[in-house]
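To start, the structure itself, in structure tokens.
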There are 2 protein chains.
Amino acid sequence: MREIKDSGLLHQYLVQHDLEQVFHEPLRPLLNLYVFEPGEALCSQGASADMLYVLVKGKIKIYTTSPEGKTLVISFKNPPEVIGDIEYIRDLNIINTVEAVSPVTVIGINGKTLKRYGDDHAPLLRFMLDIITKKFYIKSDFLSFNLMYPVEVRLASYLLSVCYDESDEGFEGRLATSELTDTANLIGTSYRHLNRVIRKLSEEGLVERSGGYLHVRDRALLEQLAGRNLYEH
Amino acid sequence: MREIKDSGLLHQYLVQHDLEQVFHEPLRPLLNLYVFEPGEALCSQGASADMLYVLVKGKIKIYTTSPEGKTLVISFKNPPEVIGDIEYIRDLNIINTVEAVSPVTVIGINGKTLKRYGDDHAPLLRFMLDIITKKFYIKSDFLSFNLMYPVEVRLASYLLSVCYDESDEGFEGRLATSELTDTANLIGTSYRHLNRVIRKLSEEGLVERSGGYLHVRDRALLEQLAGRNLYEH
DNA sequence: CGAGATTTGGGACATATGTCCTTCCCTGAT
DNA sequence: ATCAGGGAAGGACATATGTCCCAAATCTCG
């Protein structure tokens with residue numbers, strides 16, 4: 001982690017994500033800007049939580065590790081997102097480990113400080129409510145989906161989410177095979193089983209494995225298999 | 001559903017659950033008190049959400065139904081709880097069906113009205129944040145737990161939650177077998193499989209099936225099996 | 001009390017998923 | 001080019017879970 005002392009840049013991010021009302025004038029001096037390298041942890045499960053972060057640039061991975069050492073990837077997130085909100089409000093130790101996937105920039109503010117100066121600031125509270133309810137909704141969906149459908153369906157859904165970006169026509173739909181372990185942990189299965197399912201979809205012509213990537217071959221069939229689309233954050 | 005026009009009783013509930021600051025004077029005339037019979041639905045998945053309810057008495061069951069007709073019980077809740085908060089904030093149709101288990105009393109307020117008069121009221125916003133983050137945390141735990149542990153462990157955990165009430169010494173630890181279908185749906189498995197697991201635990205002497213109830217025989221072993229306790233709301 | 005209805009439990013089989021370990025394939029160092 | 005090492009894929013087997021259906025138990029009402 002490195003701090004960037006550049007209040008101009010910080011303000012630019014506030015504007016970009018429409019956060020000027022949320023962090024109003026009295027709060028501004030309390031904000032800091034930090035960058036994290038890919039692979040670096042923003043916070044670690046179990047540690048005490050003293051900072052609240054707002055992700056303004058880059059992509060993060062959120063995961064949890066069970067006492068037995070199993071990893072479960074909760075999600076990947078893009079800006080704007082808040083990290084540490086639950087812990088901030090409920091006064092808990094950090095629930096999930098958060099790791100930078102790409103180079104990441106966050107706005108950070110000390111939790112105690114924020115409580116002192118922002119607890120009555122309605123725009124901030126509304127912003128947090130907005131973010132948290134969105135998270136909740138996604139998680140709720142994710143839970144039902146994982147519990148109710150087999151891996152095949154979850155994989156189809158995940159592939160569609162990862163390989164297509166409606167806002168970006170030319171986006172190439174593929175998944176690096178090196179990411180398969182993460183993928184397995186995300187959809188809640190083992191690497192082995194994921195491979196088994198990929199092979200099956202591959203034999204049915206829905207996907208193709210080549211050159212270190214998994215490519216979508218038949219998007220329409222995949223969509224039919226997925227039913228509804230999950231994992232869209 | 002029946003409306004109770006008794007502002008004294010309503011105020012008593014506000015006091016009981018420490019909600020006087022949350023619903024301050026200007027909001028009071030907008031609140032109504034409703035009662036629901038056991039089995040009656042407070043709201044139904046997919047319907048439009050115009051009311052926000054605060055559960056002040058009784059027990060509710062929250063569940064969702066998949067397009068294929070499968071039921072997944074999300075949770076059982078006791079007061080104080082908020083119903084429709086996510087929908088209220090995100091302007092969504094109702095996500096889960098909520099049903100009264102015992103006779104239920106709720107305070108209801110129209111969503112649009114609340115937005116108009118309460119959107120800047122920090123205590124209300126903080127109250128919602130408190131409730132929602134708690135929900136989120138529970139759901140997060142629930143998700144990991146369901147994804148990472150087999151039915152046997154989930155059942156052990158559930159039994160411990162249902163059969164013991166630390167605040168009530170004399171509470172009898174048992175589960176009516178007629179509730180087994182709900183139990184199965186709650187822990188995300190089939191009725192059949194639940195029976196299989198019960199039989200196994202029964203053969204091992206952890207539980208006993210008799211007289212239409214499932215009794216805990218060996219709490220210590222169950223706790224060891226459960227590892228950590230989930231389902232504690 | 002007894003026949004049919006309803007609830008509850010379980011058998012048989014199929015499928016989904018996990019674990020362990022081996023094999024294959026690539027890459028970099030020598 | 002050869003070999004060691006590590007990541008990636010897959011075989012073999014065990015376990016977990018789902019589905020279908022029937023049997024046993026219980027209840028209901030005449």
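Identifiers in this document derive from the order of the structure tokens: chains are assigned A, B, ..., residues are numbered from 1 separately in each chain, and ligands are numbered from 1 in order of occurrence.
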Chain fit, chain B moved to chain A over all Cα pairs in order, as a PDB file with C-alpha atoms, in the first residue's frame:
```pdb
ATOM      1  CA  MET B   1      -0.006   0.032  -0.005  1.00  0.00           C
ATOM      2  CA  ARG B   2       1.180   3.500  -0.876  1.00  0.00           C
ATOM      3  CA  GLU B   3      -0.418   6.784   0.004  1.00  0.00           C
ATOM      4  CA  ILE B   4      -0.877   9.330  -2.751  1.00  0.00           C
ATOM      5  CA  LYS B   5      -0.855  12.852  -1.478  1.00  0.00           C
ATOM      6  CA  ASP B   6      -2.734  14.539  -4.257  1.00  0.00           C
ATOM      7  CA  SER B   7      -5.903  16.253  -3.175  1.00  0.00           C
ATOM      8  CA  GLY B   8      -6.628  17.286  -6.738  1.00  0.00           C
ATOM      9  CA  LEU B   9      -6.716  13.682  -7.888  1.00  0.00           C
ATOM     10  CA  LEU B  10      -8.769  12.725  -4.865  1.00  0.00           C
ATOM     11  CA  HIS B  11     -11.304  15.381  -5.654  1.00  0.00           C
ATOM     12  CA  GLN B  12     -11.404  14.214  -9.243  1.00  0.00           C
ATOM     13  CA  TYR B  13     -12.399  10.739  -8.061  1.00  0.00           C
ATOM     14  CA  LEU B  14     -15.074  12.210  -5.821  1.00  0.00           C
ATOM     15  CA  VAL B  15     -16.521  13.996  -8.816  1.00  0.00           C
ATOM     16  CA  GLN B  16     -16.226  10.981 -11.088  1.00  0.00           C
ATOM     17  CA  HIS B  17     -18.228   8.777  -8.741  1.00  0.00           C
ATOM     18  CA  ASP B  18     -20.603  11.478  -7.671  1.00  0.00           C
ATOM     19  CA  LEU B  19     -19.413  11.469  -4.079  1.00  0.00           C
ATOM     20  CA  GLU B  20     -19.140  15.185  -3.437  1.00  0.00           C
ATOM     21  CA  GLN B  21     -22.323  15.291  -1.408  1.00  0.00           C
ATOM     22  CA  VAL B  22     -21.514  12.032   0.367  1.00  0.00           C
ATOM     23  CA  PHE B  23     -18.182  13.310   1.634  1.00  0.00           C
ATOM     24  CA  HIS B  24     -19.036  16.910   2.214  1.00  0.00           C
ATOM     25  CA  GLU B  25     -16.613  19.694   3.093  1.00  0.00           C
ATOM     26  CA  PRO B  26     -16.064  18.919   6.780  1.00  0.00           C
ATOM     27  CA  LEU B  27     -15.026  15.377   5.861  1.00  0.00           C
ATOM     28  CA  ARG B  28     -12.651  16.248   3.039  1.00  0.00           C
ATOM     29  CA  PRO B  29      -9.510  16.824   5.121  1.00  0.00           C
ATOM     30  CA  LEU B  30      -9.991  13.374   6.638  1.00  0.00           C
ATOM     31  CA  LEU B  31      -9.835  11.531   3.346  1.00  0.00           C
ATOM     32  CA  ASN B  32      -6.709   9.908   1.972  1.00  0.00           C
ATOM     33  CA  LEU B  33      -5.874   8.275  -1.314  1.00  0.00           C
ATOM     34  CA  TYR B  34      -4.106   4.907  -1.443  1.00  0.00           C
ATOM     35  CA  VAL B  35      -2.961   2.595  -4.200  1.00  0.00           C
ATOM     36  CA  PHE B  36      -2.449  -1.142  -3.981  1.00  0.00           C
ATOM     37  CA  GLU B  37      -0.482  -3.462  -6.266  1.00  0.00           C
ATOM     38  CA  PRO B  38      -2.144  -6.479  -7.890  1.00  0.00           C
ATOM     39  CA  GLY B  39      -2.137  -9.328  -5.400  1.00  0.00           C
ATOM     40  CA  GLU B  40      -1.777  -7.010  -2.445  1.00  0.00           C
ATOM     41  CA  ALA B  41      -4.369  -7.311   0.328  1.00  0.00           C
ATOM     42  CA  LEU B  42      -6.478  -4.281   1.227  1.00  0.00           C
ATOM     43  CA  CYS B  43      -7.587  -5.990   4.393  1.00  0.00           C
ATOM     44  CA  SER B  44      -7.342  -9.427   5.921  1.00  0.00           C
ATOM     45  CA  GLN B  45     -10.027 -11.598   7.427  1.00  0.00           C
ATOM     46  CA  GLY B  46      -9.961 -11.470  11.204  1.00  0.00           C
ATOM     47  CA  ALA B  47      -7.863  -8.338  11.550  1.00  0.00           C
ATOM     48  CA  SER B  48      -9.309  -5.359  13.348  1.00  0.00           C
ATOM     49  CA  ALA B  49     -11.064  -2.913  11.083  1.00  0.00           C
ATOM     50  CA  ASP B  50     -10.151   0.685  11.498  1.00  0.00           C
ATOM     51  CA  MET B  51     -10.419   1.982   7.959  1.00  0.00           C
ATOM     52  CA  LEU B  52     -13.293   2.375   5.567  1.00  0.00           C
ATOM     53  CA  TYR B  53     -12.317   2.297   1.898  1.00  0.00           C
ATOM     54  CA  VAL B  54     -14.127   3.436  -1.202  1.00  0.00           C
ATOM     55  CA  LEU B  55     -12.907   1.683  -4.309  1.00  0.00           C
ATOM     56  CA  VAL B  56     -12.555   4.265  -7.065  1.00  0.00           C
ATOM     57  CA  LYS B  57     -10.321   2.491  -9.564  1.00  0.00           C
ATOM     58  CA  GLY B  58      -9.300  -1.075 -10.359  1.00  0.00           C
ATOM     59  CA  LYS B  59     -10.765  -4.457  -9.584  1.00  0.00           C
ATOM     60  CA  ILE B  60     -10.829  -6.354  -6.321  1.00  0.00           C
ATOM     61  CA  LYS B  61     -11.436  -9.917  -5.263  1.00  0.00           C
ATOM     62  CA  ILE B  62     -13.248 -10.729  -2.057  1.00  0.00           C
ATOM     63  CA  TYR B  63     -12.877 -14.105  -0.452  1.00  0.00           C
ATOM     64  CA  THR B  64     -13.111 -15.931   2.808  1.00  0.00           C
ATOM     65  CA  THR B  65     -11.138 -18.783   4.257  1.00  0.00           C
ATOM     66  CA  SER B  66     -12.749 -21.380   6.468  1.00  0.00           C
ATOM     67  CA  PRO B  67     -11.110 -22.714   9.618  1.00  0.00           C
ATOM     68  CA  GLU B  68     -10.274 -25.843   7.605  1.00  0.00           C
ATOM     69  CA  GLY B  69      -8.464 -23.747   5.053  1.00  0.00           C
ATOM     70  CA  LYS B  70     -10.990 -23.920   2.261  1.00  0.00           C
ATOM     71  CA  THR B  71     -11.287 -20.772   0.186  1.00  0.00           C
ATOM     72  CA  LEU B  72     -14.577 -19.357  -1.009  1.00  0.00           C
ATOM     73  CA  VAL B  73     -14.454 -16.465  -3.420  1.00  0.00           C
ATOM     74  CA  ILE B  74     -17.350 -14.160  -2.650  1.00  0.00           C
ATOM     75  CA  SER B  75     -17.138 -11.836  -5.590  1.00  0.00           C
ATOM     76  CA  PHE B  76     -15.172  -9.560  -7.831  1.00  0.00           C
ATOM     77  CA  LYS B  77     -16.045  -5.872  -7.644  1.00  0.00           C
ATOM     78  CA  ASN B  78     -15.490  -2.746  -9.654  1.00  0.00           C
ATOM     79  CA  PRO B  79     -15.892   0.924  -8.635  1.00  0.00           C
ATOM     80  CA  PRO B  80     -17.725   2.411  -6.993  1.00  0.00           C
ATOM     81  CA  GLU B  81     -17.738   0.046  -4.056  1.00  0.00           C
ATOM     82  CA  VAL B  82     -17.304   0.340  -0.323  1.00  0.00           C
ATOM     83  CA  ILE B  83     -14.993  -1.906   1.629  1.00  0.00           C
ATOM     84  CA  GLY B  84     -15.411  -2.321   5.349  1.00  0.00           C
ATOM     85  CA  ASP B  85     -18.906  -0.877   5.610  1.00  0.00           C
ATOM     86  CA  ILE B  86     -20.405  -3.769   7.528  1.00  0.00           C
ATOM     87  CA  GLU B  87     -17.478  -3.834   9.901  1.00  0.00           C
ATOM     88  CA  TYR B  88     -17.666  -0.059  10.322  1.00  0.00           C
ATOM     89  CA  ILE B  89     -21.302  -0.059  11.262  1.00  0.00           C
ATOM     90  CA  ARG B  90     -21.389  -3.224  13.320  1.00  0.00           C
ATOM     91  CA  ASP B  91     -18.001  -2.782  14.888  1.00  0.00           C
ATOM     92  CA  LEU B  92     -16.717  -6.151  13.819  1.00  0.00           C
ATOM     93  CA  ASN B  93     -13.377  -7.523  12.869  1.00  0.00           C
ATOM     94  CA  ILE B  94     -12.818  -7.929   9.167  1.00  0.00           C
ATOM     95  CA  ILE B  95     -15.091 -10.544   7.686  1.00  0.00           C
ATOM     96  CA  ASN B  96     -13.514 -11.242   4.322  1.00  0.00           C
ATOM     97  CA  THR B  97     -10.108 -10.783   2.819  1.00  0.00           C
ATOM     98  CA  VAL B  98     -10.030  -8.215   0.035  1.00  0.00           C
ATOM     99  CA  GLU B  99      -7.280  -8.353  -2.532  1.00  0.00           C
ATOM    100  CA  ALA B 100      -6.369  -6.143  -5.464  1.00  0.00           C
ATOM    101  CA  VAL B 101      -6.668  -7.922  -8.812  1.00  0.00           C
ATOM    102  CA  SER B 102      -5.524  -5.055 -10.976  1.00  0.00           C
ATOM    103  CA  PRO B 103      -3.789  -1.888  -9.742  1.00  0.00           C
ATOM    104  CA  VAL B 104      -6.276  -0.424  -7.308  1.00  0.00           C
ATOM    105  CA  THR B 105      -6.972   3.044  -5.997  1.00  0.00           C
ATOM    106  CA  VAL B 106      -9.127   3.671  -2.940  1.00  0.00           C
ATOM    107  CA  ILE B 107     -10.206   6.583  -0.846  1.00  0.00           C
ATOM    108  CA  GLY B 108      -9.659   5.742   2.791  1.00  0.00           C
ATOM    109  CA  ILE B 109     -10.988   7.261   5.965  1.00  0.00           C
ATOM    110  CA  ASN B 110     -10.500   6.250   9.546  1.00  0.00           C
ATOM    111  CA  GLY B 111     -13.604   4.612  10.969  1.00  0.00           C
ATOM    112  CA  LYS B 112     -13.639   6.340  14.337  1.00  0.00           C
ATOM    113  CA  THR B 113     -13.113   9.661  12.693  1.00  0.00           C
ATOM    114  CA  LEU B 114     -15.930   9.071  10.263  1.00  0.00           C
ATOM    115  CA  LYS B 115     -18.254   8.088  13.085  1.00  0.00           C
ATOM    116  CA  ARG B 116     -17.470  11.295  14.868  1.00  0.00           C
ATOM    117  CA  TYR B 117     -17.949  13.610  11.927  1.00  0.00           C
ATOM    118  CA  GLY B 118     -20.285  11.791   9.589  1.00  0.00           C
ATOM    119  CA  ASP B 119     -22.787   9.940  11.709  1.00  0.00           C
ATOM    120  CA  ASP B 120     -25.462  12.580  11.228  1.00  0.00           C
ATOM    121  CA  HIS B 121     -24.712  13.316   7.628  1.00  0.00           C
ATOM    122  CA  ALA B 122     -27.736  11.966   5.759  1.00  0.00           C
ATOM    123  CA  PRO B 123     -26.146  11.817   2.291  1.00  0.00           C
ATOM    124  CA  LEU B 124     -23.381   9.607   3.656  1.00  0.00           C
ATOM    125  CA  LEU B 125     -25.872   7.361   5.404  1.00  0.00           C
ATOM    126  CA  ARG B 126     -27.990   7.134   2.272  1.00  0.00           C
ATOM    127  CA  PHE B 127     -24.933   6.318   0.213  1.00  0.00           C
ATOM    128  CA  MET B 128     -24.039   3.488   2.557  1.00  0.00           C
ATOM    129  CA  LEU B 129     -27.603   2.244   2.523  1.00  0.00           C
ATOM    130  CA  ASP B 130     -27.543   2.263  -1.229  1.00  0.00           C
ATOM    131  CA  ILE B 131     -24.303   0.287  -1.431  1.00  0.00           C
ATOM    132  CA  ILE B 132     -25.220  -2.167   1.285  1.00  0.00           C
ATOM    133  CA  THR B 133     -28.677  -2.953   0.007  1.00  0.00           C
ATOM    134  CA  LYS B 134     -27.199  -3.577  -3.409  1.00  0.00           C
ATOM    135  CA  LYS B 135     -24.660  -5.920  -1.861  1.00  0.00           C
ATOM    136  CA  PHE B 136     -27.347  -7.653   0.089  1.00  0.00           C
ATOM    137  CA  TYR B 137     -29.515  -8.164  -2.921  1.00  0.00           C
ATOM    138  CA  ILE B 138     -26.662  -9.601  -4.924  1.00  0.00           C
ATOM    139  CA  LYS B 139     -25.660 -11.889  -2.122  1.00  0.00           C
ATOM    140  CA  SER B 140     -29.187 -13.008  -1.589  1.00  0.00           C
ATOM    141  CA  ASP B 141     -29.498 -13.927  -5.217  1.00  0.00           C
ATOM    142  CA  PHE B 142     -26.142 -15.595  -5.183  1.00  0.00           C
ATOM    143  CA  LEU B 143     -27.105 -17.690  -2.189  1.00  0.00           C
ATOM    144  CA  SER B 144     -30.354 -18.936  -3.658  1.00  0.00           C
ATOM    145  CA  PHE B 145     -28.679 -19.612  -6.942  1.00  0.00           C
ATOM    146  CA  ASN B 146     -25.857 -21.603  -5.439  1.00  0.00           C
ATOM    147  CA  LEU B 147     -28.198 -23.602  -3.294  1.00  0.00           C
ATOM    148  CA  MET B 148     -30.729 -24.322  -5.972  1.00  0.00           C
ATOM    149  CA  TYR B 149     -28.754 -25.018  -9.120  1.00  0.00           C
ATOM    150  CA  PRO B 150     -26.008 -27.462 -10.087  1.00  0.00           C
ATOM    151  CA  VAL B 151     -22.511 -26.403 -11.007  1.00  0.00           C
ATOM    152  CA  GLU B 152     -23.208 -26.664 -14.708  1.00  0.00           C
ATOM    153  CA  VAL B 153     -25.784 -23.888 -14.541  1.00  0.00           C
ATOM    154  CA  ARG B 154     -23.653 -21.727 -12.287  1.00  0.00           C
ATOM    155  CA  LEU B 155     -20.704 -22.063 -14.613  1.00  0.00           C
ATOM    156  CA  ALA B 156     -22.798 -21.120 -17.629  1.00  0.00           C
ATOM    157  CA  SER B 157     -23.961 -18.041 -15.807  1.00  0.00           C
ATOM    158  CA  TYR B 158     -20.478 -17.123 -14.723  1.00  0.00           C
ATOM    159  CA  LEU B 159     -19.060 -17.512 -18.200  1.00  0.00           C
ATOM    160  CA  LEU B 160     -21.674 -15.212 -19.604  1.00  0.00           C
ATOM    161  CA  SER B 161     -20.894 -12.593 -16.992  1.00  0.00           C
ATOM    162  CA  VAL B 162     -17.170 -12.732 -17.436  1.00  0.00           C
ATOM    163  CA  CYS B 163     -16.976 -13.102 -21.180  1.00  0.00           C
ATOM    164  CA  TYR B 164     -19.377 -10.441 -22.288  1.00  0.00           C
ATOM    165  CA  ASP B 165     -19.587  -6.777 -21.553  1.00  0.00           C
ATOM    166  CA  GLU B 166     -22.681  -5.271 -23.086  1.00  0.00           C
ATOM    167  CA  SER B 167     -21.170  -1.824 -22.855  1.00  0.00           C
ATOM    168  CA  ASP B 168     -18.164  -2.948 -24.877  1.00  0.00           C
ATOM    169  CA  GLU B 169     -19.008  -4.502 -28.239  1.00  0.00           C
ATOM    170  CA  GLY B 170     -15.590  -5.722 -29.215  1.00  0.00           C
ATOM    171  CA  PHE B 171     -14.935  -7.439 -25.894  1.00  0.00           C
ATOM    172  CA  GLU B 172     -13.490 -10.897 -26.419  1.00  0.00           C
ATOM    173  CA  GLY B 173     -15.333 -13.687 -24.621  1.00  0.00           C
ATOM    174  CA  ARG B 174     -12.840 -15.957 -22.944  1.00  0.00           C
ATOM    175  CA  LEU B 175     -11.558 -17.080 -19.582  1.00  0.00           C
ATOM    176  CA  ALA B 176      -7.913 -17.809 -18.855  1.00  0.00           C
ATOM    177  CA  THR B 177      -7.530 -21.371 -17.664  1.00  0.00           C
ATOM    178  CA  SER B 178      -5.197 -20.141 -14.971  1.00  0.00           C
ATOM    179  CA  GLU B 179      -8.232 -18.512 -13.408  1.00  0.00           C
ATOM    180  CA  LEU B 180     -10.072 -21.786 -13.160  1.00  0.00           C
ATOM    181  CA  THR B 181      -9.156 -22.349  -9.547  1.00  0.00           C
ATOM    182  CA  ASP B 182     -10.619 -18.986  -8.593  1.00  0.00           C
ATOM    183  CA  THR B 183     -13.630 -19.720 -10.724  1.00  0.00           C
ATOM    184  CA  ALA B 184     -14.169 -23.015  -8.937  1.00  0.00           C
ATOM    185  CA  ASN B 185     -13.997 -21.331  -5.563  1.00  0.00           C
ATOM    186  CA  LEU B 186     -16.338 -18.610  -6.703  1.00  0.00           C
ATOM    187  CA  ILE B 187     -19.087 -20.878  -7.823  1.00  0.00           C
ATOM    188  CA  GLY B 188     -18.536 -23.058  -4.795  1.00  0.00           C
ATOM    189  CA  THR B 189     -17.126 -26.234  -6.205  1.00  0.00           C
ATOM    190  CA  SER B 190     -13.804 -27.994  -6.561  1.00  0.00           C
ATOM    191  CA  TYR B 191     -11.306 -27.475  -9.325  1.00  0.00           C
ATOM    192  CA  ARG B 192     -11.705 -31.073 -10.265  1.00  0.00           C
ATOM    193  CA  HIS B 193     -15.407 -30.911 -10.648  1.00  0.00           C
ATOM    194  CA  LEU B 194     -15.234 -27.705 -12.574  1.00  0.00           C
ATOM    195  CA  ASN B 195     -13.007 -29.434 -15.083  1.00  0.00           C
ATOM    196  CA  ARG B 196     -15.449 -32.252 -15.374  1.00  0.00           C
ATOM    197  CA  VAL B 197     -18.258 -29.869 -16.162  1.00  0.00           C
ATOM    198  CA  ILE B 198     -16.157 -27.891 -18.613  1.00  0.00           C
ATOM    199  CA  ARG B 199     -15.358 -31.070 -20.431  1.00  0.00           C
ATOM    200  CA  LYS B 200     -19.024 -31.914 -20.653  1.00  0.00           C
ATOM    201  CA  LEU B 201     -19.947 -28.475 -21.988  1.00  0.00           C
ATOM    202  CA  SER B 202     -17.041 -28.755 -24.355  1.00  0.00           C
ATOM    203  CA  GLU B 203     -18.252 -32.088 -25.720  1.00  0.00           C
ATOM    204  CA  GLU B 204     -21.633 -30.534 -26.238  1.00  0.00           C
ATOM    205  CA  GLY B 205     -20.042 -27.708 -28.192  1.00  0.00           C
ATOM    206  CA  LEU B 206     -20.997 -24.886 -25.830  1.00  0.00           C
ATOM    207  CA  VAL B 207     -17.423 -23.931 -25.030  1.00  0.00           C
ATOM    208  CA  GLU B 208     -13.977 -24.678 -26.339  1.00  0.00           C
ATOM    209  CA  ARG B 209     -10.707 -25.102 -24.583  1.00  0.00           C
ATOM    210  CA  SER B 210      -7.635 -23.927 -26.435  1.00  0.00           C
ATOM    211  CA  GLY B 211      -4.448 -21.997 -26.051  1.00  0.00           C
ATOM    212  CA  GLY B 212      -4.767 -21.563 -22.313  1.00  0.00           C
ATOM    213  CA  TYR B 213      -8.241 -20.087 -22.584  1.00  0.00           C
ATOM    214  CA  LEU B 214     -11.801 -21.171 -22.391  1.00  0.00           C
ATOM    215  CA  HIS B 215     -13.851 -19.695 -25.219  1.00  0.00           C
ATOM    216  CA  VAL B 216     -17.592 -19.460 -25.517  1.00  0.00           C
ATOM    217  CA  ARG B 217     -18.743 -21.292 -28.649  1.00  0.00           C
ATOM    218  CA  ASP B 218     -22.495 -21.148 -28.402  1.00  0.00           C
ATOM    219  CA  ARG B 219     -23.717 -18.193 -26.435  1.00  0.00           C
ATOM    220  CA  ALA B 220     -27.381 -18.838 -27.080  1.00  0.00           C
ATOM    221  CA  LEU B 221     -27.260 -22.350 -25.672  1.00  0.00           C
ATOM    222  CA  LEU B 222     -25.265 -21.150 -22.689  1.00  0.00           C
ATOM    223  CA  GLU B 223     -27.882 -18.522 -21.979  1.00  0.00           C
ATOM    224  CA  GLN B 224     -30.580 -21.109 -22.194  1.00  0.00           C
ATOM    225  CA  LEU B 225     -28.700 -23.274 -19.736  1.00  0.00           C
ATOM    226  CA  ALA B 226     -28.052 -20.408 -17.330  1.00  0.00           C
ATOM    227  CA  GLY B 227     -31.689 -19.434 -17.293  1.00  0.00           C
ATOM    228  CA  ARG B 228     -31.228 -16.136 -15.614  1.00  0.00           C
ATOM    229  CA  ASN B 229     -28.015 -14.322 -15.209  1.00  0.00           C
ATOM    230  CA  LEU B 230     -26.276 -14.241 -11.915  1.00  0.00           C
ATOM    231  CA  TYR B 231     -22.854 -12.862 -11.066  1.00  0.00           C
ATOM    232  CA  GLU B 232     -23.630  -9.574 -12.808  1.00  0.00           C
ATOM    233  CA  HIS B 233     -22.188  -6.967 -10.529  1.00  0.00           C
TER     234      HIS B 233
END
```
Please return as number ranges by chain: the residues of segment 21-179 of chain A that backbone DSSP assigns to alpha helix (DSSP H). A: 85-90, 111-118, 122-148, 151-163
Output the selection as a PDB file, in the first residue's frame - C-alpha atoms for each residue.
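That gives us selection27.pdb:
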```pdb
ATOM      1  CA  ASP A  85     -18.914  -0.877   5.595  1.00  0.00           C
ATOM      2  CA  ILE A  86     -20.425  -3.773   7.516  1.00  0.00           C
ATOM      3  CA  GLU A  87     -17.502  -3.841   9.890  1.00  0.00           C
ATOM      4  CA  TYR A  88     -17.696  -0.068  10.307  1.00  0.00           C
ATOM      5  CA  ILE A  89     -21.336  -0.084  11.230  1.00  0.00           C
ATOM      6  CA  ARG A  90     -21.430  -3.248  13.275  1.00  0.00           C
ATOM      7  CA  GLY A 111     -13.616   4.581  10.956  1.00  0.00           C
ATOM      8  CA  LYS A 112     -13.672   6.309  14.311  1.00  0.00           C
ATOM      9  CA  THR A 113     -13.128   9.656  12.703  1.00  0.00           C
ATOM     10  CA  LEU A 114     -15.952   9.051  10.264  1.00  0.00           C
ATOM     11  CA  LYS A 115     -18.284   8.075  13.065  1.00  0.00           C
ATOM     12  CA  ARG A 116     -17.484  11.275  14.847  1.00  0.00           C
ATOM     13  CA  TYR A 117     -17.963  13.600  11.909  1.00  0.00           C
ATOM     14  CA  GLY A 118     -20.293  11.785   9.562  1.00  0.00           C
ATOM     15  CA  ALA A 122     -27.732  11.959   5.731  1.00  0.00           C
ATOM     16  CA  PRO A 123     -26.125  11.830   2.249  1.00  0.00           C
ATOM     17  CA  LEU A 124     -23.364   9.613   3.617  1.00  0.00           C
ATOM     18  CA  LEU A 125     -25.867   7.360   5.365  1.00  0.00           C
ATOM     19  CA  ARG A 126     -27.980   7.154   2.222  1.00  0.00           C
ATOM     20  CA  PHE A 127     -24.909   6.323   0.170  1.00  0.00           C
ATOM     21  CA  MET A 128     -24.020   3.492   2.503  1.00  0.00           C
ATOM     22  CA  LEU A 129     -27.585   2.245   2.467  1.00  0.00           C
ATOM     23  CA  ASP A 130     -27.516   2.272  -1.287  1.00  0.00           C
ATOM     24  CA  ILE A 131     -24.301   0.299  -1.467  1.00  0.00           C
ATOM     25  CA  ILE A 132     -25.221  -2.159   1.229  1.00  0.00           C
ATOM     26  CA  THR A 133     -28.668  -2.936  -0.054  1.00  0.00           C
ATOM     27  CA  LYS A 134     -27.163  -3.572  -3.458  1.00  0.00           C
ATOM     28  CA  LYS A 135     -24.637  -5.924  -1.907  1.00  0.00           C
ATOM     29  CA  PHE A 136     -27.344  -7.632   0.044  1.00  0.00           C
ATOM     30  CA  TYR A 137     -29.497  -8.146  -2.977  1.00  0.00           C
ATOM     31  CA  ILE A 138     -26.643  -9.598  -4.959  1.00  0.00           C
ATOM     32  CA  LYS A 139     -25.654 -11.885  -2.147  1.00  0.00           C
ATOM     33  CA  SER A 140     -29.198 -12.986  -1.617  1.00  0.00           C
ATOM     34  CA  ASP A 141     -29.480 -13.908  -5.246  1.00  0.00           C
ATOM     35  CA  PHE A 142     -26.128 -15.598  -5.200  1.00  0.00           C
ATOM     36  CA  LEU A 143     -27.110 -17.688  -2.210  1.00  0.00           C
ATOM     37  CA  SER A 144     -30.354 -18.919  -3.678  1.00  0.00           C
ATOM     38  CA  PHE A 145     -28.676 -19.610  -6.964  1.00  0.00           C
ATOM     39  CA  ASN A 146     -25.848 -21.606  -5.451  1.00  0.00           C
ATOM     40  CA  LEU A 147     -28.204 -23.606  -3.313  1.00  0.00           C
ATOM     41  CA  MET A 148     -30.715 -24.333  -5.983  1.00  0.00           C
ATOM     42  CA  VAL A 151     -22.483 -26.408 -10.986  1.00  0.00           C
ATOM     43  CA  GLU A 152     -23.184 -26.670 -14.685  1.00  0.00           C
ATOM     44  CA  VAL A 153     -25.773 -23.915 -14.511  1.00  0.00           C
ATOM     45  CA  ARG A 154     -23.635 -21.731 -12.271  1.00  0.00           C
ATOM     46  CA  LEU A 155     -20.697 -22.065 -14.603  1.00  0.00           C
ATOM     47  CA  ALA A 156     -22.791 -21.132 -17.608  1.00  0.00           C
ATOM     48  CA  SER A 157     -23.961 -18.052 -15.795  1.00  0.00           C
ATOM     49  CA  TYR A 158     -20.473 -17.119 -14.708  1.00  0.00           C
ATOM     50  CA  LEU A 159     -19.063 -17.506 -18.192  1.00  0.00           C
ATOM     51  CA  LEU A 160     -21.694 -15.209 -19.592  1.00  0.00           C
ATOM     52  CA  SER A 161     -20.926 -12.585 -16.974  1.00  0.00           C
ATOM     53  CA  VAL A 162     -17.198 -12.709 -17.432  1.00  0.00           C
ATOM     54  CA  CYS A 163     -17.014 -13.083 -21.177  1.00  0.00           C
TER      55      CYS A 163
END
```
